[in-house]
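Here is entry-v8.cif, consisting of mmCIF, C-alpha atoms:
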```
data_model
loop_
_atom_site.label_atom_id
_atom_site.label_comp_id
_atom_site.auth_asym_id
_atom_site.auth_seq_id
_atom_site.Cartn_x
_atom_site.Cartn_y
_atom_site.Cartn_z
CA MET U 1424 -57.33 6.84 -28.18
CA ALA U 1425 -55.71 3.71 -26.94
CA HIS U 1426 -58.63 2.83 -24.75
CA ALA U 1427 -61.08 2.59 -27.63
CA ASP U 1428 -59.81 -0.87 -28.56
CA LEU U 1429 -59.77 -1.86 -25.00
CA ILE U 1430 -63.36 -0.85 -24.40
CA SER U 1431 -64.75 -2.26 -27.61
CA ALA U 1432 -63.15 -5.63 -26.99
CA ALA U 1433 -65.33 -8.18 -25.26
CA THR U 1434 -62.49 -8.68 -22.82
CA LEU U 1435 -59.67 -6.34 -21.94
CA THR U 1436 -56.46 -7.08 -23.73
CA ASP U 1437 -53.26 -7.60 -21.83
CA PRO U 1438 -50.46 -5.54 -23.38
CA GLN U 1439 -47.83 -8.03 -22.24
CA PRO U 1440 -48.62 -11.69 -22.71
CA LEU U 1441 -47.15 -14.17 -20.27
CA VAL U 1442 -43.82 -15.46 -21.58
CA ILE U 1443 -41.91 -18.22 -19.82
CA ALA U 1444 -38.61 -19.47 -21.21
CA GLY U 1445 -39.39 -17.78 -24.52
CA ARG U 1446 -42.78 -19.41 -24.89
CA GLU U 1447 -45.86 -17.22 -24.97
CA PHE U 1448 -49.01 -18.30 -23.16
CA HIS U 1449 -52.45 -16.86 -23.75
CA SER U 1450 -53.69 -17.28 -20.20
CA ARG U 1451 -52.18 -16.26 -16.89
CA LEU U 1452 -54.18 -18.92 -15.13
CA MET U 1453 -52.69 -22.41 -14.92
CA VAL U 1454 -54.72 -25.23 -13.47
CA GLY U 1455 -54.18 -28.63 -11.94
CA THR U 1456 -56.04 -31.78 -12.86
CA GLY U 1457 -56.32 -33.47 -9.47
CA LYS U 1458 -59.23 -34.07 -7.10
CA TYR U 1459 -62.10 -33.78 -9.57
CA SER U 1460 -65.08 -36.04 -9.00
CA SER U 1461 -64.96 -37.19 -12.62
CA ASN U 1462 -62.80 -36.77 -15.68
CA ALA U 1463 -65.70 -35.16 -17.52
CA GLN U 1464 -66.00 -32.54 -14.80
CA MET U 1465 -62.25 -31.94 -14.89
CA ILE U 1466 -62.29 -31.29 -18.61
CA GLU U 1467 -65.29 -29.00 -18.37
CA ALA U 1468 -63.65 -27.02 -15.56
CA ILE U 1469 -60.37 -26.69 -17.44
CA GLU U 1470 -62.21 -25.44 -20.50
CA ALA U 1471 -64.11 -22.93 -18.36
CA SER U 1472 -60.86 -21.71 -16.78
CA GLY U 1473 -59.41 -20.83 -20.16
CA ALA U 1474 -56.08 -22.23 -18.99
CA GLU U 1475 -53.48 -23.36 -21.47
CA VAL U 1476 -51.02 -24.83 -19.00
CA VAL U 1477 -52.36 -27.81 -17.07
CA THR U 1478 -50.39 -29.76 -14.52
CA VAL U 1479 -50.25 -33.52 -14.25
CA ALA U 1480 -48.57 -35.93 -11.86
CA VAL U 1481 -46.45 -39.00 -12.58
CA ARG U 1482 -47.62 -42.21 -10.93
CA ARG U 1483 -47.42 -45.95 -11.38
CA VAL U 1484 -49.95 -47.39 -13.78
CA ASP U 1485 -52.59 -49.29 -11.83
CA LEU U 1486 -52.10 -52.68 -13.46
CA ASP U 1487 -55.46 -53.97 -12.20
CA ARG U 1488 -57.17 -51.09 -14.02
CA SER U 1489 -59.57 -50.60 -11.16
CA LYS U 1490 -59.51 -46.85 -11.84
CA ASP U 1491 -59.51 -44.84 -15.03
CA GLU U 1492 -56.56 -42.70 -14.06
CA ALA U 1493 -54.70 -42.17 -17.31
CA ILE U 1494 -55.15 -38.50 -17.89
CA LEU U 1495 -54.11 -38.63 -21.52
CA HIS U 1496 -57.28 -40.60 -22.25
CA HIS U 1497 -59.17 -37.43 -21.42
CA LEU U 1498 -56.88 -34.47 -21.98
CA ASP U 1499 -55.77 -33.69 -25.50
CA PRO U 1500 -52.05 -32.90 -25.35
CA ASP U 1501 -52.32 -30.93 -28.58
CA HIS U 1502 -54.84 -28.61 -26.98
CA PHE U 1503 -53.09 -28.01 -23.64
CA PHE U 1504 -49.53 -27.50 -22.50
CA LEU U 1505 -48.83 -30.37 -20.11
CA LEU U 1506 -46.72 -29.37 -17.15
CA ALA U 1507 -45.65 -32.41 -15.14
CA ASN U 1508 -45.07 -31.98 -11.44
CA THR U 1509 -42.96 -33.85 -8.93
CA ALA U 1510 -45.64 -33.75 -6.26
CA GLY U 1511 -45.15 -36.24 -3.50
CA CYS U 1512 -41.36 -36.17 -3.68
CA TYR U 1513 -39.64 -35.54 -0.37
CA ASN U 1514 -36.05 -35.29 -1.54
CA ALA U 1515 -34.09 -33.99 -4.49
CA SER U 1516 -33.21 -37.38 -5.96
CA ASP U 1517 -36.84 -38.54 -6.05
CA ALA U 1518 -37.91 -35.26 -7.64
CA ILE U 1519 -35.16 -35.59 -10.26
CA ARG U 1520 -36.27 -39.16 -11.00
CA TYR U 1521 -39.89 -38.11 -11.46
CA ALA U 1522 -38.87 -35.20 -13.66
CA ARG U 1523 -36.84 -37.49 -15.91
CA LEU U 1524 -39.75 -39.93 -16.18
CA ALA U 1525 -42.07 -37.07 -17.06
CA ARG U 1526 -39.75 -35.81 -19.77
CA ALA U 1527 -39.50 -39.29 -21.22
CA ALA U 1528 -43.24 -39.13 -21.87
CA GLY U 1529 -42.14 -37.01 -24.78
CA PHE U 1530 -44.23 -33.84 -24.53
CA ASN U 1531 -41.76 -31.25 -23.29
CA GLU U 1532 -38.82 -30.69 -21.01
CA TRP U 1533 -40.71 -28.54 -18.53
CA VAL U 1534 -41.27 -29.53 -14.93
CA LYS U 1535 -43.08 -28.01 -12.02
CA LEU U 1536 -40.53 -28.96 -9.44
CA GLU U 1537 -41.75 -29.75 -5.96
CA VAL U 1538 -39.54 -31.04 -3.19
CA ILE U 1539 -41.71 -31.27 -0.13
CA GLY U 1540 -40.17 -30.89 3.31
CA ASP U 1541 -43.04 -31.44 5.70
CA GLN U 1542 -46.02 -33.76 5.46
CA GLN U 1543 -48.41 -31.68 7.50
CA THR U 1544 -47.95 -28.36 5.71
CA LEU U 1545 -46.49 -29.60 2.43
CA LEU U 1546 -44.08 -26.69 2.68
CA PRO U 1547 -41.08 -27.04 0.40
CA ASP U 1548 -37.63 -28.29 1.37
CA THR U 1549 -35.81 -25.34 -0.11
CA LEU U 1550 -32.35 -26.91 0.13
CA GLY U 1551 -33.50 -29.99 -1.76
CA LEU U 1552 -35.38 -27.78 -4.19
CA LEU U 1553 -32.28 -25.76 -5.04
CA GLN U 1554 -30.19 -28.88 -5.43
CA ALA U 1555 -32.77 -30.50 -7.74
CA THR U 1556 -33.16 -27.27 -9.70
CA LYS U 1557 -29.44 -27.12 -10.43
CA THR U 1558 -29.29 -30.73 -11.55
CA LEU U 1559 -32.34 -30.51 -13.77
CA VAL U 1560 -31.30 -27.20 -15.33
CA ASP U 1561 -27.95 -28.83 -16.18
CA GLU U 1562 -29.89 -31.61 -17.87
CA GLY U 1563 -31.78 -29.13 -20.02
CA PHE U 1564 -35.03 -29.00 -18.11
CA LYS U 1565 -37.14 -25.87 -17.91
CA VAL U 1566 -37.69 -25.75 -14.18
CA LEU U 1567 -40.66 -23.95 -12.63
CA ALA U 1568 -39.86 -24.18 -8.96
CA TYR U 1569 -42.61 -24.41 -6.36
CA THR U 1570 -41.26 -22.61 -3.31
CA ASN U 1571 -42.30 -20.71 -0.22
CA ASP U 1572 -42.71 -16.95 -0.11
CA ASP U 1573 -39.08 -16.36 0.87
CA LEU U 1574 -37.25 -13.80 -1.25
CA VAL U 1575 -33.76 -15.19 -0.71
CA THR U 1576 -34.79 -18.67 -1.81
CA ALA U 1577 -36.55 -17.19 -4.82
CA LEU U 1578 -33.39 -15.30 -5.80
CA LYS U 1579 -31.29 -18.45 -5.43
CA LEU U 1580 -33.73 -20.40 -7.59
CA GLU U 1581 -33.46 -17.76 -10.27
CA ASP U 1582 -29.66 -17.87 -10.04
CA ALA U 1583 -29.81 -21.65 -10.33
CA GLY U 1584 -31.57 -21.27 -13.68
CA ALA U 1585 -35.25 -21.73 -12.88
CA VAL U 1586 -37.34 -20.31 -15.74
CA ALA U 1587 -40.10 -19.34 -13.33
CA VAL U 1588 -40.39 -19.18 -9.57
CA MET U 1589 -43.65 -20.28 -7.98
CA PRO U 1590 -44.10 -19.00 -4.47
CA LEU U 1591 -47.09 -20.20 -2.52
CA ALA U 1592 -49.95 -17.94 -1.48
CA SER U 1593 -50.57 -20.32 1.41
CA PRO U 1594 -50.11 -24.09 1.89
CA ILE U 1595 -51.21 -26.47 -0.88
CA GLY U 1596 -54.89 -27.26 -0.70
CA SER U 1597 -55.47 -24.91 2.25
CA GLY U 1598 -57.59 -22.32 0.45
CA LEU U 1599 -56.32 -19.70 2.89
CA GLY U 1600 -55.57 -17.14 0.19
CA MET U 1601 -52.46 -14.99 0.17
CA LEU U 1602 -50.96 -14.87 3.65
CA ASN U 1603 -48.10 -12.49 2.89
CA PRO U 1604 -48.75 -9.98 0.13
CA TYR U 1605 -45.57 -8.08 1.03
CA ALA U 1606 -43.44 -11.17 0.44
CA ILE U 1607 -45.13 -11.94 -2.87
CA ARG U 1608 -44.76 -8.34 -4.06
CA THR U 1609 -41.13 -8.26 -3.03
CA ILE U 1610 -40.35 -11.48 -4.88
CA LYS U 1611 -42.06 -10.12 -7.99
CA GLN U 1612 -40.16 -6.85 -7.77
CA ARG U 1613 -36.78 -8.47 -7.34
CA LEU U 1614 -36.90 -11.34 -9.83
CA SER U 1615 -36.44 -11.14 -13.58
CA VAL U 1616 -38.02 -14.50 -14.35
CA PRO U 1617 -41.82 -14.80 -14.20
CA VAL U 1618 -43.37 -15.24 -10.78
CA ILE U 1619 -46.35 -17.58 -10.79
CA VAL U 1620 -48.13 -17.88 -7.46
CA ASP U 1621 -48.85 -21.54 -6.82
CA ALA U 1622 -51.10 -22.94 -4.12
CA GLY U 1623 -53.46 -21.56 -1.52
CA VAL U 1624 -55.97 -19.66 -3.64
CA GLY U 1625 -59.40 -20.55 -2.28
CA THR U 1626 -61.84 -18.37 -4.16
CA ALA U 1627 -62.02 -15.74 -6.88
CA SER U 1628 -61.22 -12.77 -4.64
CA ASP U 1629 -58.01 -14.53 -3.54
CA ALA U 1630 -56.98 -14.89 -7.17
CA CYS U 1631 -57.79 -11.26 -7.86
CA ILE U 1632 -55.75 -10.02 -4.88
CA VAL U 1633 -52.80 -12.22 -5.88
CA MET U 1634 -52.82 -10.79 -9.41
CA GLU U 1635 -53.10 -7.25 -8.06
CA GLN U 1636 -49.61 -7.72 -6.57
CA GLY U 1637 -48.27 -7.68 -10.11
CA VAL U 1638 -47.29 -11.34 -10.37
CA ASP U 1639 -47.26 -12.98 -13.77
CA GLY U 1640 -49.79 -15.69 -13.14
CA ILE U 1641 -51.42 -18.17 -10.79
CA LEU U 1642 -51.49 -21.94 -10.68
CA MET U 1643 -54.34 -23.50 -8.77
CA ASN U 1644 -56.06 -26.83 -8.41
CA THR U 1645 -58.02 -27.34 -5.20
CA GLY U 1646 -59.59 -23.88 -5.30
CA ILE U 1647 -61.44 -25.02 -8.39
CA ALA U 1648 -61.74 -28.77 -7.91
CA ALA U 1649 -63.00 -28.58 -4.34
CA ALA U 1650 -65.65 -25.92 -5.02
CA GLN U 1651 -69.29 -27.03 -4.84
CA ASP U 1652 -69.52 -26.26 -8.55
CA PRO U 1653 -66.02 -26.58 -9.98
CA VAL U 1654 -66.95 -25.53 -13.50
CA ARG U 1655 -68.53 -22.28 -12.33
CA MET U 1656 -65.60 -21.63 -10.00
CA ALA U 1657 -63.19 -22.21 -12.89
CA ALA U 1658 -65.03 -19.55 -14.89
CA ALA U 1659 -64.96 -17.23 -11.86
CA MET U 1660 -61.21 -17.77 -11.48
CA LYS U 1661 -60.69 -16.94 -15.13
CA VAL U 1662 -62.32 -13.53 -14.81
CA ALA U 1663 -60.78 -12.94 -11.38
CA VAL U 1664 -57.27 -13.47 -12.74
CA GLU U 1665 -58.03 -11.13 -15.62
CA ALA U 1666 -59.61 -8.55 -13.30
CA GLY U 1667 -56.66 -8.65 -10.94
CA ARG U 1668 -54.22 -8.31 -13.79
CA HIS U 1669 -56.02 -5.30 -15.23
CA ALA U 1670 -56.38 -3.69 -11.80
CA TYR U 1671 -52.62 -4.06 -11.38
CA LEU U 1672 -51.95 -2.57 -14.82
CA ALA U 1673 -54.45 0.23 -14.18
CA GLY U 1674 -52.66 1.16 -10.96
CA ARG U 1675 -54.80 1.43 -7.87
CA MET U 1676 -55.52 4.69 -6.09
CA PRO U 1677 -53.51 5.41 -3.00
CA ARG U 1678 -54.93 4.27 0.31
CA ARG U 1679 -55.97 7.14 2.57
CA GLU U 1680 -56.80 7.16 6.23
CA VAL U 1681 -59.40 9.89 5.72
CA ALA U 1682 -62.48 10.23 3.54
CA VAL U 1683 -62.38 12.37 0.43
CA PRO U 1684 -65.79 13.31 -0.95
CA SER U 1685 -66.64 12.07 -4.41
CA SER U 1686 -69.34 14.69 -4.98
CA PRO U 1687 -68.85 18.45 -5.18
CA THR U 1688 -68.68 20.18 -1.83
CA THR U 1689 -69.93 23.44 -3.36
CA GLY U 1690 -73.42 24.27 -4.60
CA MET U 1691 -75.16 22.83 -1.57
CA LEU U 1692 -78.66 24.17 -0.85
CA GLY U 1693 -78.72 27.08 1.54
CA SER U 1694 -75.09 27.93 1.03
CA MET K 1195 -40.43 -74.24 -7.05
CA THR K 1196 -39.06 -73.00 -3.76
CA GLU K 1197 -40.32 -70.43 -1.35
CA SER K 1198 -38.37 -67.78 0.44
CA GLY K 1199 -39.95 -65.75 3.22
CA GLY K 1200 -43.34 -66.97 2.16
CA ILE K 1201 -43.03 -65.35 -1.25
CA VAL K 1202 -42.55 -67.46 -4.31
CA THR K 1203 -39.40 -66.13 -5.88
CA GLU K 1204 -38.31 -68.74 -8.37
CA ALA K 1205 -39.88 -69.44 -11.66
CA VAL K 1206 -41.12 -72.79 -12.80
CA ALA K 1207 -39.58 -73.97 -16.04
CA GLY K 1208 -40.50 -71.75 -18.91
CA GLU K 1209 -41.34 -68.80 -16.70
CA VAL K 1210 -39.56 -65.60 -15.77
CA VAL K 1211 -40.28 -63.85 -12.51
CA LEU K 1212 -39.87 -60.13 -12.45
CA ILE K 1213 -41.07 -57.17 -10.44
CA VAL K 1214 -43.53 -54.81 -12.10
CA ASN K 1215 -44.58 -51.72 -10.16
CA GLY K 1216 -43.47 -53.28 -6.93
CA ALA K 1217 -45.33 -56.56 -7.38
CA GLU K 1218 -44.12 -59.94 -8.55
CA LYS K 1219 -45.13 -60.80 -12.09
CA ARG K 1220 -44.67 -64.13 -13.85
CA VAL K 1221 -44.37 -64.16 -17.60
CA PRO K 1222 -43.47 -66.84 -20.12
CA ALA K 1223 -39.75 -67.11 -20.79
CA GLY K 1224 -38.75 -65.26 -23.92
CA TRP K 1225 -41.35 -62.55 -23.59
CA SER K 1226 -40.34 -59.09 -24.71
CA LEU K 1227 -41.31 -55.87 -23.01
CA ALA K 1228 -43.76 -55.30 -25.86
CA ASP K 1229 -45.37 -58.67 -25.09
CA LEU K 1230 -45.78 -57.65 -21.47
CA LEU K 1231 -47.36 -54.30 -22.41
CA ALA K 1232 -49.72 -56.06 -24.79
CA SER K 1233 -50.77 -58.50 -22.09
CA LEU K 1234 -51.42 -55.56 -19.76
CA LYS K 1235 -53.34 -53.82 -22.56
CA LEU K 1236 -51.04 -50.80 -22.31
CA ASP K 1237 -50.20 -48.51 -25.18
CA ALA K 1238 -46.45 -47.92 -25.15
CA ARG K 1239 -47.02 -44.34 -26.28
CA THR K 1240 -48.92 -43.46 -23.11
CA VAL K 1241 -46.51 -44.89 -20.55
CA VAL K 1242 -42.92 -44.43 -19.51
CA ILE K 1243 -40.90 -47.41 -18.37
CA GLU K 1244 -37.94 -47.51 -16.07
CA ARG K 1245 -36.05 -50.79 -16.09
CA ASN K 1246 -33.70 -51.42 -13.19
CA GLY K 1247 -33.52 -47.70 -12.57
CA ILE K 1248 -32.88 -46.73 -16.18
CA ILE K 1249 -35.53 -45.01 -18.27
CA LEU K 1250 -36.17 -46.74 -21.60
CA ARG K 1251 -36.38 -43.84 -23.99
CA ASP K 1252 -36.57 -45.76 -27.23
CA ARG K 1253 -40.04 -47.25 -27.51
CA SER K 1254 -39.11 -48.99 -30.73
CA SER K 1255 -36.74 -51.17 -28.70
CA PHE K 1256 -39.55 -52.67 -26.60
CA ALA K 1257 -40.25 -55.47 -29.06
CA SER K 1258 -36.67 -56.71 -28.98
CA LEU K 1259 -36.10 -56.17 -25.27
CA GLU K 1260 -36.40 -59.60 -23.66
CA LEU K 1261 -37.55 -59.69 -20.06
CA THR K 1262 -35.12 -61.41 -17.72
CA ALA K 1263 -35.35 -62.77 -14.20
CA ASP K 1264 -34.88 -60.11 -11.54
CA ASP K 1265 -35.86 -57.32 -13.89
CA SER K 1266 -37.54 -54.59 -11.94
CA LEU K 1267 -39.86 -52.44 -14.03
CA GLU K 1268 -41.64 -49.25 -13.15
CA ILE K 1269 -44.45 -48.43 -15.56
CA VAL K 1270 -45.72 -44.93 -15.02
CA HIS K 1271 -48.07 -42.49 -16.69
CA PHE K 1272 -49.62 -39.08 -16.14
CA VAL K 1273 -52.49 -38.83 -13.71
CA GLY K 1274 -54.41 -35.88 -12.35
CA GLY K 1275 -52.37 -33.62 -10.12
CA GLY K 1276 -51.81 -30.03 -9.15
#
```
Could you write out this structure as structure tokens?
Amino acid sequence: MAHADLISAATLTDPQPLVIAGREFHSRLMVGTGKYSSNAQMIEAIEASGAEVVTVAVRRVDLDRSKDEAILHHLDPDHFFLLANTAGCYNASDAIRYARLARAAGFNEWVKLEVIGDQQTLLPDTLGLLQATKTLVDEGFKVLAYTNDDLVTALKLEDAGAVAVMPLASPIGSGLGMLNPYAIRTIKQRLSVPVIVDAGVGTASDACIVMEQGVDGILMNTGIAAAQDPVRMAAAMKVAVEAGRHAYLAGRMPRREVAVPSSPTTGMLGS
Amino acid sequence: MTESGGIVTEAVAGEVVLIVNGAEKRVPAGWSLADLLASLKLDARTVVIERNGIILRDRSSFASLELTADDSLEIVHFVGGG
């Protein structure tokens, strides 16, 4: 039977690999590279996460070289798929500029597009995001758009040509987990392009619950980097994403408001 | 040499003053972009350069691209981020 393979394998196999813009990825977990206490720890955590896609930011080179910031000194671009972000951009034109700089680095034409609208919550400016998406898609970029959990915005991003839509679970770096499972499920149900939940996952159970909604993947950074033991948390996130994916594929039992016994109700002593 | 607003803005003879990553930088006249990168110990393959708002896509042109007064360069690279 079909399950024989599945059970004999060390890990369950996913019948449908993640495909974005025609490219197949072997992991549904994508990770960021920020906030680690050392580059060695970052690399170890990324390896433990099993992620293929890793995000990076574009910043000025520190000409004094007081810090060893250049990520390419540590991360082998042949081993990972580098996904540049436009983090820190507060309007469409800045985000477009950062995306162009990132593409000029010569790795790929993909961008995790962020246009931030509010400093305190880092929630996206969806108007600026749509505008930047259109421009960058016209320029041949593969745009993965970081957005809020609003269905209408997600639909507009898809229409604008985004290759993936990335709704937040909760604000960036908050670790609050998924605040609106209904919204995330609805976005997943209505979009044709992959839905990758980005931001807000704080621990493994959060990742599992996000994947149980049926989304295509998760991108996280702080949930791993800010753990007491980031490498162990990265490994936990890896299995949590896989567990959540398989639970979704398996199809959960219906919720009931009453108990249903698991053991036979007949054959009791004295009956 | 003259001063304007307390910031030295004019080059002495044989020097070119430009802006690199928001800060004033003085280099010998005639220096190319490749010379500047070498002096900063930067590998052209690991950085992206925007000159006066235009991205320089052709790294092979860096050796022949002479730096001029009032050039404004942004030299960026990938750093950790989420």
Inset, instruction - Please identify all polymer residues within 7 Å of K:Leu1259, counting all atoms listed in the file, omitting same-chain residues fewer than 4 positions from it, and present them as a ChimeraX atom specification. - result: /K:1226-1227,1255
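Pairwise distance (atom CA of U:Ala1515, atom CA of U:Lys1535) equals 13.2 Å.
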Inset, instruction - Would you mind reading off the distance between atom CA of U:Pro1617 and atom CA of U:Ile1466, one decimal, in Å? - result: 26.7 Å
The PyMOL selection byres ((chain K) within 7 of (chain U)) on the file shown: which residues, as a PDB file with C-alpha atoms, in the coordinates of the input?
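selection05.pdb was written with the following content:
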```pdb
ATOM      1  CA  ASN K1215     -44.580 -51.720 -10.160  1.00  0.00           C
ATOM      2  CA  LEU K1234     -51.420 -55.560 -19.760  1.00  0.00           C
ATOM      3  CA  VAL K1241     -46.510 -44.890 -20.550  1.00  0.00           C
ATOM      4  CA  VAL K1242     -42.920 -44.430 -19.510  1.00  0.00           C
ATOM      5  CA  ILE K1249     -35.530 -45.010 -18.270  1.00  0.00           C
ATOM      6  CA  ARG K1251     -36.380 -43.840 -23.990  1.00  0.00           C
ATOM      7  CA  GLU K1268     -41.640 -49.250 -13.150  1.00  0.00           C
ATOM      8  CA  ILE K1269     -44.450 -48.430 -15.560  1.00  0.00           C
ATOM      9  CA  VAL K1270     -45.720 -44.930 -15.020  1.00  0.00           C
ATOM     10  CA  HIS K1271     -48.070 -42.490 -16.690  1.00  0.00           C
ATOM     11  CA  PHE K1272     -49.620 -39.080 -16.140  1.00  0.00           C
ATOM     12  CA  VAL K1273     -52.490 -38.830 -13.710  1.00  0.00           C
ATOM     13  CA  GLY K1274     -54.410 -35.880 -12.350  1.00  0.00           C
ATOM     14  CA  GLY K1275     -52.370 -33.620 -10.120  1.00  0.00           C
ATOM     15  CA  GLY K1276     -51.810 -30.030  -9.150  1.00  0.00           C
TER      16      GLY K1276
END
```
Inset, instruction - List the residues selected by the PyMOL selection byres ((chain U and resi 1583) around 8) in the file shown, writing them as a list in words. - result: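 Checking the PyMOL selection byres ((chain U and resi 1583) around 8) against this file, the residues are Leu1553, Thr1556, Lys1557, Val1560, Lys1579, Leu1580, Glu1581, Asp1582, Gly1584 and Ala1585 of chain U.
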Since fewer atoms than expected are present, regenerate N, CA and C atoms for stretch 1214-1238 of chain K and write them as a PDB file, in the coordinates of the input.
```pdb
ATOM      1  N   VAL K1214     -42.913 -55.885 -11.323  1.00  0.00           N
ATOM      2  CA  VAL K1214     -43.530 -54.810 -12.100  1.00  0.00           C
ATOM      3  C   VAL K1214     -44.312 -53.913 -11.137  1.00  0.00           C
ATOM      4  N   ASN K1215     -43.944 -52.672 -11.080  1.00  0.00           N
ATOM      5  CA  ASN K1215     -44.580 -51.720 -10.160  1.00  0.00           C
ATOM      6  C   ASN K1215     -44.671 -52.272  -8.745  1.00  0.00           C
ATOM      7  N   GLY K1216     -43.578 -52.836  -8.312  1.00  0.00           N
ATOM      8  CA  GLY K1216     -43.470 -53.280  -6.930  1.00  0.00           C
ATOM      9  C   GLY K1216     -44.063 -54.636  -6.635  1.00  0.00           C
ATOM     10  N   ALA K1217     -44.711 -55.252  -7.613  1.00  0.00           N
ATOM     11  CA  ALA K1217     -45.330 -56.560  -7.380  1.00  0.00           C
ATOM     12  C   ALA K1217     -44.699 -57.616  -8.280  1.00  0.00           C
ATOM     13  N   GLU K1218     -44.687 -58.852  -7.762  1.00  0.00           N
ATOM     14  CA  GLU K1218     -44.120 -59.940  -8.550  1.00  0.00           C
ATOM     15  C   GLU K1218     -45.015 -60.243  -9.742  1.00  0.00           C
ATOM     16  N   LYS K1219     -44.361 -60.490 -10.871  1.00  0.00           N
ATOM     17  CA  LYS K1219     -45.130 -60.800 -12.090  1.00  0.00           C
ATOM     18  C   LYS K1219     -44.442 -61.970 -12.772  1.00  0.00           C
ATOM     19  N   ARG K1220     -45.219 -62.966 -13.160  1.00  0.00           N
ATOM     20  CA  ARG K1220     -44.670 -64.130 -13.850  1.00  0.00           C
ATOM     21  C   ARG K1220     -45.069 -64.074 -15.315  1.00  0.00           C
ATOM     22  N   VAL K1221     -44.076 -64.199 -16.161  1.00  0.00           N
ATOM     23  CA  VAL K1221     -44.370 -64.160 -17.600  1.00  0.00           C
ATOM     24  C   VAL K1221     -43.659 -65.334 -18.273  1.00  0.00           C
ATOM     25  N   PRO K1222     -44.148 -65.756 -19.404  1.00  0.00           N
ATOM     26  CA  PRO K1222     -43.470 -66.840 -20.120  1.00  0.00           C
ATOM     27  C   PRO K1222     -42.041 -66.445 -20.504  1.00  0.00           C
ATOM     28  N   ALA K1223     -41.129 -67.387 -20.392  1.00  0.00           N
ATOM     29  CA  ALA K1223     -39.750 -67.110 -20.790  1.00  0.00           C
ATOM     30  C   ALA K1223     -39.726 -66.676 -22.256  1.00  0.00           C
ATOM     31  N   GLY K1224     -38.869 -65.720 -22.542  1.00  0.00           N
ATOM     32  CA  GLY K1224     -38.750 -65.260 -23.920  1.00  0.00           C
ATOM     33  C   GLY K1224     -39.637 -64.084 -24.262  1.00  0.00           C
ATOM     34  N   TRP K1225     -40.499 -63.696 -23.310  1.00  0.00           N
ATOM     35  CA  TRP K1225     -41.350 -62.550 -23.590  1.00  0.00           C
ATOM     36  C   TRP K1225     -40.535 -61.264 -23.696  1.00  0.00           C
ATOM     37  N   SER K1226     -40.958 -60.410 -24.601  1.00  0.00           N
ATOM     38  CA  SER K1226     -40.340 -59.090 -24.710  1.00  0.00           C
ATOM     39  C   SER K1226     -41.151 -58.099 -23.869  1.00  0.00           C
ATOM     40  N   LEU K1227     -40.585 -56.931 -23.721  1.00  0.00           N
ATOM     41  CA  LEU K1227     -41.310 -55.870 -23.010  1.00  0.00           C
ATOM     42  C   LEU K1227     -42.607 -55.533 -23.749  1.00  0.00           C
ATOM     43  N   ALA K1228     -42.552 -55.566 -25.063  1.00  0.00           N
ATOM     44  CA  ALA K1228     -43.760 -55.300 -25.860  1.00  0.00           C
ATOM     45  C   ALA K1228     -44.835 -56.353 -25.579  1.00  0.00           C
ATOM     46  N   ASP K1229     -44.409 -57.609 -25.418  1.00  0.00           N
ATOM     47  CA  ASP K1229     -45.370 -58.670 -25.090  1.00  0.00           C
ATOM     48  C   ASP K1229     -46.056 -58.381 -23.741  1.00  0.00           C
ATOM     49  N   LEU K1230     -45.229 -57.948 -22.788  1.00  0.00           N
ATOM     50  CA  LEU K1230     -45.780 -57.650 -21.470  1.00  0.00           C
ATOM     51  C   LEU K1230     -46.798 -56.508 -21.554  1.00  0.00           C
ATOM     52  N   LEU K1231     -46.440 -55.447 -22.273  1.00  0.00           N
ATOM     53  CA  LEU K1231     -47.360 -54.300 -22.410  1.00  0.00           C
ATOM     54  C   LEU K1231     -48.656 -54.740 -23.079  1.00  0.00           C
ATOM     55  N   ALA K1232     -48.521 -55.583 -24.089  1.00  0.00           N
ATOM     56  CA  ALA K1232     -49.720 -56.060 -24.790  1.00  0.00           C
ATOM     57  C   ALA K1232     -50.610 -56.852 -23.838  1.00  0.00           C
ATOM     58  N   SER K1233     -49.972 -57.695 -23.015  1.00  0.00           N
ATOM     59  CA  SER K1233     -50.770 -58.500 -22.090  1.00  0.00           C
ATOM     60  C   SER K1233     -51.449 -57.622 -21.034  1.00  0.00           C
ATOM     61  N   LEU K1234     -50.821 -56.490 -20.737  1.00  0.00           N
ATOM     62  CA  LEU K1234     -51.420 -55.560 -19.760  1.00  0.00           C
ATOM     63  C   LEU K1234     -52.353 -54.559 -20.441  1.00  0.00           C
ATOM     64  N   LYS K1235     -52.498 -54.722 -21.754  1.00  0.00           N
ATOM     65  CA  LYS K1235     -53.340 -53.820 -22.560  1.00  0.00           C
ATOM     66  C   LYS K1235     -52.901 -52.359 -22.398  1.00  0.00           C
ATOM     67  N   LEU K1236     -51.586 -52.156 -22.420  1.00  0.00           N
ATOM     68  CA  LEU K1236     -51.040 -50.800 -22.310  1.00  0.00           C
ATOM     69  C   LEU K1236     -50.462 -50.366 -23.636  1.00  0.00           C
ATOM     70  N   ASP K1237     -50.750 -49.116 -23.975  1.00  0.00           N
ATOM     71  CA  ASP K1237     -50.200 -48.510 -25.180  1.00  0.00           C
ATOM     72  C   ASP K1237     -48.848 -47.898 -24.820  1.00  0.00           C
ATOM     73  N   ALA K1238     -47.806 -48.380 -25.478  1.00  0.00           N
ATOM     74  CA  ALA K1238     -46.450 -47.920 -25.150  1.00  0.00           C
ATOM     75  C   ALA K1238     -46.321 -46.407 -25.240  1.00  0.00           C
TER      76      ALA K1238
END
```
